[in-house]
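Okay, run_18.txt is below, compact mmCIF, C-alpha atoms:
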# COMPACT_ATOMS: atom_id res chain seq x y z
CA MET A 1 83.73 74.97 -3.07
CA ARG A 2 86.04 77.91 -2.18
CA GLY A 3 88.86 76.64 -4.41
CA ASN A 4 86.51 76.25 -7.34
CA LEU A 5 85.32 79.85 -6.95
CA LEU A 6 88.87 81.25 -6.85
CA ARG A 7 89.95 79.36 -9.89
CA THR A 8 86.85 80.42 -11.82
CA THR A 9 87.34 84.13 -10.95
CA ALA A 10 91.03 84.11 -11.90
CA LEU A 11 90.22 82.63 -15.27
CA ILE A 12 87.52 85.26 -15.87
CA VAL A 13 89.92 88.14 -15.01
CA ALA A 14 92.75 86.73 -17.09
CA GLY A 15 90.44 86.30 -20.03
CA GLY A 16 89.26 89.87 -19.74
CA ILE A 17 92.81 91.17 -19.66
CA LEU A 18 93.95 89.06 -22.58
CA PHE A 19 90.99 89.73 -24.87
CA SER A 20 90.03 93.28 -23.86
CA ALA A 21 93.46 95.04 -23.25
CA THR A 22 95.25 97.00 -25.86
CA PRO A 23 97.64 94.73 -27.73
CA ALA A 24 101.29 95.13 -26.60
CA TRP A 25 104.15 95.59 -28.95
CA ALA A 26 105.82 92.47 -29.93
CA ASP A 27 109.25 93.74 -29.03
CA LEU A 28 108.30 95.15 -25.62
CA PRO A 29 111.08 94.04 -23.26
CA THR A 30 109.35 94.70 -19.89
CA ILE A 31 105.87 94.23 -18.18
CA ASP A 32 103.63 97.22 -17.64
CA VAL A 33 103.72 97.94 -13.90
CA ILE A 34 100.45 99.79 -13.82
CA THR A 35 98.64 96.99 -15.56
CA HIS A 36 100.12 94.44 -13.18
CA PHE A 37 98.99 96.51 -10.21
CA LEU A 38 95.48 96.75 -11.54
CA ILE A 39 95.34 93.02 -12.11
CA THR A 40 96.50 92.39 -8.57
CA GLN A 41 93.86 94.68 -7.13
CA LEU A 42 91.20 93.04 -9.25
CA GLN A 43 92.24 89.59 -8.01
CA ASN A 44 92.09 90.72 -4.41
CA ALA A 45 88.66 92.23 -4.87
CA ALA A 46 87.38 89.05 -6.52
CA THR A 47 88.86 86.92 -3.78
CA SER A 48 87.21 89.06 -1.11
CA ALA A 49 83.86 88.82 -2.85
CA ILE A 50 84.16 85.08 -3.13
CA ASN A 51 85.03 84.80 0.54
CA LYS A 52 81.98 86.83 1.49
CA VAL A 53 79.73 84.67 -0.66
CA GLU A 54 81.22 81.54 0.85
CA SER A 55 80.81 82.91 4.37
CA ALA A 56 77.21 83.81 3.68
CA VAL A 57 76.44 80.40 2.22
CA THR A 58 78.18 78.66 5.14
CA GLY A 59 76.21 80.78 7.61
CA ILE A 60 72.94 79.93 5.97
CA GLY A 61 73.80 76.20 6.09
CA ASP A 62 74.83 76.46 9.75
CA ARG A 63 71.57 78.15 10.68
CA ILE A 64 69.61 75.48 8.84
CA VAL A 65 71.55 72.74 10.62
CA ASN A 66 71.11 74.42 13.97
CA GLN A 67 67.36 74.60 13.43
CA VAL A 68 67.13 70.96 12.46
CA LEU A 69 69.79 69.43 14.70
CA ASN A 70 70.45 69.69 18.37
CA LEU A 71 73.63 71.46 19.32
CA GLY A 72 76.56 69.10 19.46
CA ASP A 73 75.06 66.59 16.92
CA THR A 74 77.11 65.44 14.01
CA MET A 75 75.95 64.65 10.52
CA THR A 76 76.31 60.94 11.31
CA ASP A 77 73.92 61.39 14.22
CA VAL A 78 71.48 63.17 11.95
CA MET A 79 71.71 60.47 9.31
CA THR A 80 71.35 57.76 11.95
CA ARG A 81 68.20 59.35 13.33
CA GLY A 82 66.86 59.73 9.79
CA PHE A 83 67.41 56.11 8.93
CA THR A 84 65.99 55.11 12.32
CA GLN A 85 62.87 57.14 11.61
CA GLN A 86 62.56 55.58 8.17
CA SER A 87 62.90 52.16 9.76
CA ASN A 88 60.20 53.06 12.28
CA TYR A 89 57.97 54.12 9.42
CA GLN A 90 58.60 50.80 7.66
CA LYS A 91 57.92 48.81 10.83
CA ALA A 92 54.75 50.75 11.47
CA SER A 93 53.70 50.15 7.86
CA VAL A 94 54.35 46.41 8.23
CA GLY A 95 52.39 46.31 11.47
CA ALA A 96 49.49 48.12 9.88
CA GLN A 97 49.52 45.72 6.92
CA MET A 98 49.53 42.78 9.33
CA GLN A 99 46.54 44.18 11.18
CA ILE A 100 44.72 44.75 7.90
CA ALA A 101 45.53 41.18 6.79
CA ASP A 102 44.42 39.76 10.15
CA ALA A 103 41.16 41.65 9.99
CA SER A 104 40.58 40.51 6.40
CA ASN A 105 41.36 36.89 7.29
CA ALA A 106 39.05 37.04 10.29
CA ALA A 107 36.24 38.47 8.17
CA GLN A 108 36.76 35.85 5.46
CA HIS A 109 36.87 33.10 8.08
CA GLN A 110 33.61 34.34 9.57
CA VAL A 111 31.95 34.43 6.15
CA GLY A 112 33.29 30.95 5.33
CA ARG A 113 32.13 29.55 8.65
CA ASP A 114 28.66 31.05 8.25
CA THR A 115 28.45 29.64 4.72
CA ARG A 116 29.51 26.19 5.91
CA ASN A 117 27.05 26.31 8.80
CA ALA A 118 24.28 27.13 6.34
CA GLN A 119 25.35 24.22 4.13
CA ILE A 120 25.36 21.86 7.10
CA VAL A 121 21.88 22.99 8.11
CA VAL A 122 20.58 22.45 4.57
CA GLU A 123 22.28 19.06 4.15
CA HIS A 124 21.14 17.71 7.50
CA THR A 125 17.55 18.90 7.30
CA PRO A 126 15.34 15.89 6.49
CA SER A 127 13.53 16.19 3.18
CA PRO A 128 9.83 15.32 2.79
CA GLU A 129 10.87 12.28 0.77
CA GLN A 130 12.95 11.01 3.68
CA CYS A 131 9.93 11.20 5.96
CA LEU A 132 7.84 9.28 3.43
CA ASP A 133 10.60 6.70 3.07
CA ASN A 134 10.73 6.10 6.83
CA GLN A 135 6.95 5.78 7.13
CA ALA A 136 6.75 3.42 4.17
CA GLY A 137 9.64 1.33 5.48
CA GLN A 138 8.05 0.85 8.89
CA MET A 139 4.73 0.07 7.25
CA SER A 140 6.30 -2.55 4.97
CA VAL A 141 8.04 -4.31 7.85
CA SER A 142 4.91 -4.41 10.00
CA ALA A 143 2.85 -5.55 7.00
CA SER A 144 5.26 -8.41 6.27
CA VAL A 145 4.93 -9.64 9.86
CA ALA A 146 1.13 -9.40 9.62
CA ALA A 147 1.18 -11.26 6.28
CA VAL A 148 3.04 -14.19 7.82
CA THR A 149 0.56 -14.21 10.70
CA VAL A 150 -2.35 -14.39 8.26
CA ALA A 151 -0.68 -17.21 6.31
CA ARG A 152 -0.10 -19.21 9.49
CA SER A 153 -3.71 -18.70 10.60
CA ILE A 154 -5.01 -20.02 7.31
CA GLY A 155 -2.50 -22.87 7.42
CA SER A 156 -3.63 -24.01 10.84
CA ILE A 157 -7.18 -24.43 9.48
CA THR A 158 -6.26 -26.05 6.17
CA ASP A 159 -3.80 -28.46 7.79
CA ASN A 160 -6.44 -29.71 10.22
CA ARG A 161 -8.83 -30.13 7.33
CA GLY A 162 -6.29 -32.04 5.23
CA GLU A 163 -5.33 -34.31 8.12
CA ALA A 164 -9.01 -35.08 8.78
CA VAL A 165 -8.67 -34.49 12.49
CA GLU A 166 -11.64 -34.91 14.79
CA GLY A 167 -14.26 -32.25 14.13
CA GLN A 168 -13.41 -31.96 10.42
CA PRO A 169 -15.82 -33.40 7.79
CA ALA A 170 -13.33 -35.99 6.50
CA PHE A 171 -13.00 -37.46 10.00
CA TYR A 172 -16.42 -38.99 9.48
CA GLY A 173 -15.70 -40.13 5.92
CA GLN A 174 -14.91 -38.85 2.46
CA ALA A 175 -18.58 -38.40 1.62
CA HIS A 176 -18.89 -35.87 4.42
CA ALA A 177 -15.84 -34.00 3.05
CA VAL A 178 -17.40 -33.81 -0.44
CA GLN A 179 -20.71 -32.62 0.94
CA ALA A 180 -19.01 -29.95 3.05
CA ILE A 181 -17.10 -28.36 0.18
CA ASN A 182 -20.18 -28.40 -2.04
CA ASN A 183 -22.22 -26.73 0.65
CA LEU A 184 -19.55 -24.03 1.01
CA HIS A 185 -19.55 -23.37 -2.71
CA ALA A 186 -23.33 -23.18 -2.87
CA SER A 187 -23.49 -20.67 -0.01
CA ARG A 188 -20.91 -18.31 -1.48
CA TYR A 189 -20.30 -18.83 -5.19
CA CYS A 190 -23.42 -20.35 -6.73
CA SER A 191 -23.62 -19.61 -10.45
CA LYS A 192 -26.72 -19.28 -12.63
CA THR A 193 -26.18 -22.73 -14.13
CA GLU A 194 -26.07 -24.29 -10.69
CA ALA A 195 -29.09 -22.28 -9.63
CA ASP A 196 -31.03 -23.45 -12.67
CA ALA A 197 -30.27 -27.02 -11.62
CA GLY A 198 -31.87 -26.32 -8.29
CA LEU A 199 -28.68 -26.70 -6.30
CA CYS A 200 -28.50 -23.19 -4.88
CA SER A 201 -29.34 -19.53 -5.40
CA VAL A 202 -27.24 -17.16 -7.53
CA MET A 203 -24.68 -15.32 -5.44
CA PRO A 204 -22.92 -11.95 -6.15
CA LEU A 205 -19.52 -13.69 -6.25
CA ALA A 206 -20.65 -16.42 -8.63
CA SER A 207 -17.83 -18.90 -9.42
CA ALA A 208 -15.28 -16.65 -7.65
CA ASP A 209 -13.66 -19.73 -6.11
CA GLN A 210 -12.71 -20.88 -9.61
CA HIS A 211 -11.21 -17.64 -10.99
CA SER A 212 -7.46 -17.09 -10.64
CA TRP A 213 -7.90 -13.31 -10.68
CA ASN A 214 -9.59 -13.51 -7.30
CA PHE A 215 -6.45 -15.18 -6.00
CA LEU A 216 -3.79 -13.03 -7.65
CA GLY A 217 -5.82 -9.81 -7.71
CA ASP A 218 -4.23 -6.36 -8.00
CA GLY A 219 -2.00 -6.73 -4.96
CA SER A 220 -4.57 -6.35 -2.20
CA TYR A 221 -7.84 -8.21 -1.55
CA ASP A 222 -11.12 -6.40 -1.05
CA GLY A 223 -11.78 -6.99 2.62
CA GLN A 224 -12.79 -10.30 4.16
CA ASP A 225 -14.83 -11.38 1.12
CA GLY A 226 -11.74 -11.05 -1.04
CA ILE A 227 -9.67 -13.11 1.39
CA ASN A 228 -12.37 -15.82 1.50
CA ALA A 229 -12.54 -15.98 -2.31
CA ALA A 230 -8.76 -16.34 -2.56
CA ASN A 231 -8.72 -18.99 0.14
CA ASP A 232 -11.51 -21.01 -1.48
CA PHE A 233 -9.74 -20.79 -4.85
CA ALA A 234 -6.62 -22.20 -3.22
CA THR A 235 -8.74 -25.03 -1.76
CA ASN A 236 -9.99 -25.95 -5.22
CA VAL A 237 -6.41 -25.92 -6.52
CA VAL A 238 -4.90 -27.95 -3.68
CA GLN A 239 -6.81 -30.82 -2.01
CA PRO A 240 -10.45 -30.03 -2.81
CA ILE A 241 -11.49 -33.48 -1.53
CA VAL A 242 -9.88 -34.73 1.64
CA PRO A 243 -9.56 -38.52 2.04
CA ALA A 244 -11.28 -40.05 5.04
CA ALA A 245 -9.31 -40.35 8.24
CA LEU A 246 -7.65 -43.64 9.21
CA ARG A 247 -9.11 -44.79 12.49
CA ALA A 248 -9.13 -47.77 14.83
CA SER A 249 -8.11 -51.02 13.08
CA GLN A 250 -7.23 -49.07 9.94
CA LEU A 251 -4.19 -47.88 11.86
CA THR A 252 -3.39 -50.92 13.97
CA SER A 253 -3.50 -53.63 11.30
CA VAL A 254 -0.46 -54.62 9.27
CA THR A 255 -1.91 -53.03 6.17
CA GLY A 256 -2.94 -50.04 8.24
CA GLN A 257 0.64 -49.45 9.34
CA ASP A 258 1.69 -49.07 5.72
CA GLY A 259 -1.29 -46.82 5.02
CA TRP A 260 -0.48 -44.72 8.07
CA VAL A 261 2.98 -43.92 6.64
CA ARG A 262 1.58 -43.04 3.25
CA ARG A 263 -1.11 -40.83 4.78
CA ARG A 264 1.48 -38.84 6.75
CA SER A 265 3.50 -38.35 3.56
CA TYR A 266 0.35 -37.24 1.77
CA ASN A 267 -0.54 -34.79 4.54
CA ALA A 268 2.96 -33.26 4.52
CA ARG A 269 2.95 -32.71 0.79
CA MET A 270 -0.52 -31.20 0.85
CA SER A 271 0.53 -28.90 3.69
CA LEU A 272 3.58 -27.77 1.71
CA ALA A 273 1.59 -27.05 -1.44
CA ARG A 274 -1.14 -25.31 0.48
CA GLY A 275 1.42 -23.38 2.57
CA ALA A 276 2.85 -21.73 -0.54
CA LEU A 277 -0.64 -20.57 -1.52
CA ASN A 278 -1.36 -19.43 2.03
CA TYR A 279 1.76 -17.27 1.93
CA ALA A 280 0.55 -15.69 -1.31
CA ILE A 281 -2.79 -14.96 0.36
CA GLY A 282 -1.12 -13.49 3.45
CA ILE A 283 1.00 -10.96 1.56
CA GLN A 284 -2.11 -9.74 -0.30
CA ALA A 285 -4.38 -9.46 2.74
CA PRO A 286 -5.24 -5.84 3.66
CA VAL A 287 -3.47 -5.55 7.01
CA VAL A 288 -1.98 -2.00 7.11
CA THR A 289 -3.64 1.43 7.22
CA LEU A 290 -2.65 3.85 4.47
CA ASN A 291 -1.88 7.53 5.04
CA ALA A 292 -3.08 10.46 2.91
CA ASP A 293 0.03 10.50 0.67
CA GLN A 294 -0.31 6.80 -0.12
CA LYS A 295 -4.01 7.17 -0.91
CA LYS A 296 -3.16 10.01 -3.27
CA GLN A 297 -0.57 7.84 -4.95
CA MET A 298 -3.13 5.06 -5.42
CA VAL A 299 -5.40 7.52 -7.21
CA ASN A 300 -2.46 8.66 -9.38
CA GLU A 301 -1.87 5.02 -10.33
CA GLY A 302 -5.52 4.62 -11.37
CA LEU A 303 -6.53 2.50 -8.38
CA PRO A 304 -9.42 3.14 -6.02
CA ALA A 305 -8.28 4.77 -2.80
CA THR A 306 -8.78 2.41 0.15
CA ASP A 307 -8.12 2.79 3.83
CA LYS A 308 -6.09 -0.41 4.07
CA ALA A 309 -3.68 -2.26 1.83
CA SER A 310 -1.58 -5.40 1.82
CA TRP A 311 2.17 -5.77 2.23
CA LEU A 312 2.49 -6.45 -1.50
CA GLN A 313 0.59 -3.31 -2.47
CA ALA A 314 2.41 -1.09 0.03
CA THR A 315 5.78 -2.29 -1.24
CA THR A 316 4.65 -1.95 -4.85
CA MET A 317 3.67 1.67 -4.23
CA GLU A 318 7.14 2.38 -2.84
CA VAL A 319 8.73 1.03 -6.00
CA ASN A 320 6.27 2.88 -8.25
CA ARG A 321 6.72 6.15 -6.36
CA ARG A 322 10.41 6.27 -7.24
CA PHE A 323 9.86 5.06 -10.79
CA SER A 324 6.93 7.20 -11.92
CA GLY A 325 6.17 9.68 -9.11
CA LEU A 326 6.25 13.27 -10.39
CA GLN A 327 6.56 14.75 -6.90
CA TRP A 328 9.50 12.50 -6.07
CA ALA A 329 11.24 13.47 -9.31
CA ALA A 330 10.68 17.19 -8.61
CA ASN A 331 12.00 16.88 -5.04
CA LEU A 332 15.01 14.96 -6.30
CA GLN A 333 16.02 17.90 -8.50
CA GLN A 334 16.03 20.21 -5.47
CA MET A 335 17.85 17.92 -3.05
CA PRO A 336 21.36 18.92 -1.88
CA PRO A 337 24.10 16.31 -2.38
CA ALA A 338 23.86 14.91 1.16
CA THR A 339 20.10 14.38 0.84
CA VAL A 340 20.56 12.66 -2.53
CA GLN A 341 23.07 10.30 -0.92
CA ARG A 342 20.61 9.48 1.85
CA GLU A 343 17.92 8.81 -0.76
CA ILE A 344 20.30 6.47 -2.60
CA ALA A 345 21.05 4.68 0.67
CA THR A 346 17.32 4.29 1.31
CA GLU A 347 16.80 2.83 -2.15
CA LEU A 348 19.66 0.38 -1.58
CA ALA A 349 18.01 -0.66 1.69
CA LEU A 350 14.73 -1.18 -0.17
CA ALA A 351 16.52 -3.26 -2.79
CA ASN A 352 18.02 -5.43 -0.02
CA TYR A 353 14.59 -5.81 1.56
CA LEU A 354 13.04 -6.91 -1.73
CA ALA A 355 15.93 -9.31 -2.31
CA LEU A 356 15.24 -10.85 1.10
CA GLN A 357 11.58 -11.36 0.19
CA ASN A 358 12.63 -12.97 -3.09
CA TYR A 359 14.90 -15.26 -1.09
CA ARG A 360 11.91 -16.38 0.99
CA VAL A 361 9.93 -17.13 -2.14
CA GLY A 362 12.96 -18.96 -3.45
CA LEU A 363 12.88 -21.21 -0.40
CA TRP A 364 9.27 -22.11 -1.17
CA ASN A 365 10.11 -22.80 -4.80
CA ALA A 366 13.13 -24.95 -3.90
CA THR A 367 11.09 -26.96 -1.40
CA LEU A 368 8.27 -27.52 -3.89
CA ALA A 369 10.76 -28.56 -6.57
CA ALA A 370 12.37 -31.07 -4.19
CA THR A 371 8.94 -32.46 -3.35
CA GLN A 372 8.11 -32.90 -7.02
CA VAL A 373 11.37 -34.76 -7.56
CA ALA A 374 10.59 -37.02 -4.61
CA GLN A 375 7.07 -37.74 -5.88
CA HIS A 376 8.37 -38.55 -9.33
CA GLU A 377 10.98 -40.94 -7.98
CA GLU A 378 8.45 -42.58 -5.72
CA ALA A 379 6.02 -43.05 -8.57
CA THR A 380 8.65 -44.55 -10.88
CA PHE A 381 10.31 -46.71 -8.25
CA LYS A 382 10.14 -50.44 -9.01
CA GLU A 383 9.45 -52.80 -6.16
CA THR A 384 12.09 -55.40 -5.34
CA VAL A 385 11.35 -58.77 -6.96
CA ALA A 386 10.00 -61.17 -4.35
CA MET A 387 12.40 -63.92 -3.37
CA PRO A 388 11.12 -67.48 -3.82
CA SER A 389 10.15 -69.37 -0.71
CA PRO A 390 12.84 -71.80 0.47
CA ASP A 391 12.31 -75.53 -0.13
CA MET A 392 12.14 -77.27 3.27
CA ASN A 393 12.41 -80.82 1.83

Show me this structure written as structure tokens.
Amino acid sequence: MRGNLLRTTALIVAGGILFSATPAWADLPTIDVITHFLITQLQNAATSAINKVESAVTGIGDRIVNQVLNLGDTMTDVMTRGFTQQSNYQKASVGAQMQIADASNAAQHQVGRDTRNAQIVVEHTPSPEQCLDNQAGQMSVSASVAAVTVARSIGSITDNRGEAVEGQPAFYGQAHAVQAINNLHASRYCSKTEADAGLCSVMPLASADQHSWNFLGDGSYDGQDGINAANDFATNVVQPIVPAALRASQLTSVTGQDGWVRRRSYNARMSLARGALNYAIGIQAPVVTLNADQKKQMVNEGLPATDKASWLQATTMEVNRRFSGLQWAANLQQMPPATVQREIATELALANYLALQNYRVGLWNATLAATQVAQHEEATFKETVAMPSPDMN
């Protein structure tokens, strides 16, 4: 800095002398001493002024350094501490950012966990439809067991009747069997025509034992009278007249032995045919108690609300509820995904249950078909031609 000031001052002075002095003669052989002296004095004065300025500036800088730096520190020390401080600032800034990020992550994690917990609560809360499904499922299973019990109870009576065991009308002869079934009809199902003939009095259920609707019905019979009408219809369809029982010598004779075999075959086939009808009666017998929701559904379907229903009607209502139930459709729209999946699983279980019931009916159908084949083959079977008696001569 000092060298630059000296050079700048010398140039200024020289310029002033050259451009402001009186021009010298071109043929002047010597330098003007006075002028030279003045120039020298001017240079010294300028140099002294520059030195003072430099000293003042240097002093100001030293005072500033002394205020900022400790005595004995170098500029390298100052720069080192400056960079160290900047590094500390950067590290502190990074630490602060990390704390902010950690706090933000923790808050987001808390919000996410609370949201997930709420979703889990919603998805695992049973819906009203699930409760109805469970009740209906238990009711259907218990009703199916009761239906089989009813069918077996009816079968035990009809089998004894068809076999003409002791105590049954046919045990005493076919005439007794005919009279017994006529008396039953007259006491329950006498029509006006029969009453006009003087056979009986007109009954409220006139000719009900001859009408298929009383057997098939609307899925559930109307109490005990409905069950009796269905059972008597089945009797008129299968084995209305029971042959007389084979007794005493009718069984022990040679001809009786053959008749005994044929009677057992006849009894088995009648039991099979009647068993299929007994099963149809059992699944339509009112054996389960309905709840308020099921009664309401019956009214929505246009049926009279009853306290009890059959297995067939209870299962039919479950199918109809998912097919045409407005409340079920509205609840389905509001179900979360997990609840919808549970509803689908319940419907698949119901489909498997119905398939199992169809399989049972299929067993009846297959057995009846096999019996029909056997009867046909037996009826068309040709006896072996009798061999001629040997000639003893």

What's around Lys295 in chain A at 12 Å? Count only C-alpha atoms, leave out sequence neighbours fewer than 5 positions away in its own chain, and write the answer as a short mmCIF file (atom, residue, chain, number, x, y, z; two decimals) with C-alpha atoms, in the coordinates of the input.
data_model
loop_
_atom_site.label_atom_id
_atom_site.label_comp_id
_atom_site.auth_asym_id
_atom_site.auth_seq_id
_atom_site.Cartn_x
_atom_site.Cartn_y
_atom_site.Cartn_z
CA THR A 289 -3.64 1.43 7.22
CA LEU A 290 -2.65 3.85 4.47
CA ASN A 300 -2.46 8.66 -9.38
CA GLU A 301 -1.87 5.02 -10.33
CA GLY A 302 -5.52 4.62 -11.37
CA LEU A 303 -6.53 2.50 -8.38
CA PRO A 304 -9.42 3.14 -6.02
CA ALA A 305 -8.28 4.77 -2.80
CA THR A 306 -8.78 2.41 0.15
CA ASP A 307 -8.12 2.79 3.83
CA LYS A 308 -6.09 -0.41 4.07
CA ALA A 309 -3.68 -2.26 1.83
CA GLN A 313 0.59 -3.31 -2.47
CA ALA A 314 2.41 -1.09 0.03
CA MET A 317 3.67 1.67 -4.23
#

Quick one: what's the axis-aligned box for range 126-142 of chain A, all listed atoms, 3 Å on every side, centre and edges in Å to one decimal, as lines of an AutoDock Vina configuration file?
center_x = 10.0
center_y = 5.9
center_z = 5.4
size_x = 16.6
size_y = 26.6
size_z = 15.2

Exercise for the section: Would you list the contacts of range 327-344 of chain A as a ChimeraX atom specification, taking every protein, DNA or RNA residue within 9 Å and counting only C-alpha atoms, but skipping same-chain residues closer than 2 positions in sequence? Expected result: /A:119,122-130,133,321-325,346-349

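Taking CA of Ile157 in chain A as the reference point, CA of Pro169 in chain A is found at 12.6 Å.
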
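Take CA of Ile154 in chain A and CA of Ile181 in chain A: the distance between them is 16.3 Å.
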
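Distance-wise, CA of Thr371 in chain A and CA of Arg264 in chain A end up 14.1 Å apart.
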
Handout entry: Residue contacts of Val141 in chain A (10 Å, all atoms listed in the file) excluding same-chain residues fewer than 6 positions away, as a PyMOL selection string
Key = chain A and resi 147+311+315+353

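Only residues having an atom at most 12 Å from (-12.1, -38.3, 9.2) are included; using only C-alpha atoms, these are Asn160, Arg161, Gly162, Glu163, Ala164, Val165, Glu166, Gly167, Gln168, Pro169, Ala170, Phe171, Tyr172, Gly173, Gln174, Ala175, His176, Ala177, Val178, Ile241, Val242, Pro243, Ala244, Ala245, Leu246, Arg247, Ala248 and Gln250 of chain A.
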
Place N, CA and C atoms on range 249-268 of chain A and deliver the coordinates as a PDB file, in the coordinates of the input.
ATOM      1  N   SER A 249      -8.876 -49.913  13.673  1.00  0.00           N
ATOM      2  CA  SER A 249      -8.110 -51.020  13.080  1.00  0.00           C
ATOM      3  C   SER A 249      -7.424 -50.634  11.782  1.00  0.00           C
ATOM      4  N   GLN A 250      -7.904 -49.518  11.161  1.00  0.00           N
ATOM      5  CA  GLN A 250      -7.230 -49.070   9.940  1.00  0.00           C
ATOM      6  C   GLN A 250      -5.795 -48.624  10.229  1.00  0.00           C
ATOM      7  N   LEU A 251      -5.538 -48.309  11.466  1.00  0.00           N
ATOM      8  CA  LEU A 251      -4.190 -47.880  11.860  1.00  0.00           C
ATOM      9  C   LEU A 251      -3.400 -49.019  12.512  1.00  0.00           C
ATOM     10  N   THR A 252      -4.092 -49.900  13.197  1.00  0.00           N
ATOM     11  CA  THR A 252      -3.390 -50.920  13.970  1.00  0.00           C
ATOM     12  C   THR A 252      -3.071 -52.174  13.177  1.00  0.00           C
ATOM     13  N   SER A 253      -3.755 -52.421  12.094  1.00  0.00           N
ATOM     14  CA  SER A 253      -3.500 -53.630  11.300  1.00  0.00           C
ATOM     15  C   SER A 253      -2.165 -53.487  10.564  1.00  0.00           C
ATOM     16  N   VAL A 254      -1.721 -54.634  10.016  1.00  0.00           N
ATOM     17  CA  VAL A 254      -0.460 -54.620   9.270  1.00  0.00           C
ATOM     18  C   VAL A 254      -0.584 -53.731   8.049  1.00  0.00           C
ATOM     19  N   THR A 255      -1.675 -53.887   7.327  1.00  0.00           N
ATOM     20  CA  THR A 255      -1.910 -53.030   6.170  1.00  0.00           C
ATOM     21  C   THR A 255      -2.090 -51.576   6.592  1.00  0.00           C
ATOM     22  N   GLY A 256      -2.719 -51.388   7.736  1.00  0.00           N
ATOM     23  CA  GLY A 256      -2.940 -50.040   8.240  1.00  0.00           C
ATOM     24  C   GLY A 256      -1.658 -49.312   8.579  1.00  0.00           C
ATOM     25  N   GLN A 257      -0.654 -50.053   9.041  1.00  0.00           N
ATOM     26  CA  GLN A 257       0.640 -49.450   9.340  1.00  0.00           C
ATOM     27  C   GLN A 257       1.262 -48.853   8.082  1.00  0.00           C
ATOM     28  N   ASP A 258       1.176 -49.597   6.987  1.00  0.00           N
ATOM     29  CA  ASP A 258       1.690 -49.070   5.720  1.00  0.00           C
ATOM     30  C   ASP A 258       0.873 -47.867   5.261  1.00  0.00           C
ATOM     31  N   GLY A 259      -0.444 -47.937   5.403  1.00  0.00           N
ATOM     32  CA  GLY A 259      -1.290 -46.820   5.020  1.00  0.00           C
ATOM     33  C   GLY A 259      -1.075 -45.588   5.889  1.00  0.00           C
ATOM     34  N   TRP A 260      -0.746 -45.829   7.148  1.00  0.00           N
ATOM     35  CA  TRP A 260      -0.480 -44.720   8.070  1.00  0.00           C
ATOM     36  C   TRP A 260       0.708 -43.904   7.587  1.00  0.00           C
ATOM     37  N   VAL A 261       1.789 -44.616   7.161  1.00  0.00           N
ATOM     38  CA  VAL A 261       2.980 -43.920   6.640  1.00  0.00           C
ATOM     39  C   VAL A 261       2.640 -43.114   5.403  1.00  0.00           C
ATOM     40  N   ARG A 262       1.916 -43.729   4.504  1.00  0.00           N
ATOM     41  CA  ARG A 262       1.580 -43.040   3.250  1.00  0.00           C
ATOM     42  C   ARG A 262       0.660 -41.835   3.509  1.00  0.00           C
ATOM     43  N   ARG A 263      -0.227 -41.960   4.486  1.00  0.00           N
ATOM     44  CA  ARG A 263      -1.110 -40.830   4.780  1.00  0.00           C
ATOM     45  C   ARG A 263      -0.320 -39.661   5.355  1.00  0.00           C
ATOM     46  N   ARG A 264       0.665 -39.940   6.201  1.00  0.00           N
ATOM     47  CA  ARG A 264       1.480 -38.840   6.750  1.00  0.00           C
ATOM     48  C   ARG A 264       2.272 -38.157   5.629  1.00  0.00           C
ATOM     49  N   SER A 265       2.800 -38.940   4.693  1.00  0.00           N
ATOM     50  CA  SER A 265       3.500 -38.350   3.560  1.00  0.00           C
ATOM     51  C   SER A 265       2.563 -37.490   2.726  1.00  0.00           C
ATOM     52  N   TYR A 266       1.362 -37.994   2.532  1.00  0.00           N
ATOM     53  CA  TYR A 266       0.350 -37.240   1.770  1.00  0.00           C
ATOM     54  C   TYR A 266       0.008 -35.935   2.478  1.00  0.00           C
ATOM     55  N   ASN A 267      -0.198 -36.007   3.787  1.00  0.00           N
ATOM     56  CA  ASN A 267      -0.540 -34.790   4.540  1.00  0.00           C
ATOM     57  C   ASN A 267       0.579 -33.744   4.473  1.00  0.00           C
ATOM     58  N   ALA A 268       1.830 -34.194   4.559  1.00  0.00           N
ATOM     59  CA  ALA A 268       2.960 -33.260   4.520  1.00  0.00           C
ATOM     60  C   ALA A 268       3.062 -32.568   3.171  1.00  0.00           C
TER      61      ALA A 268
END
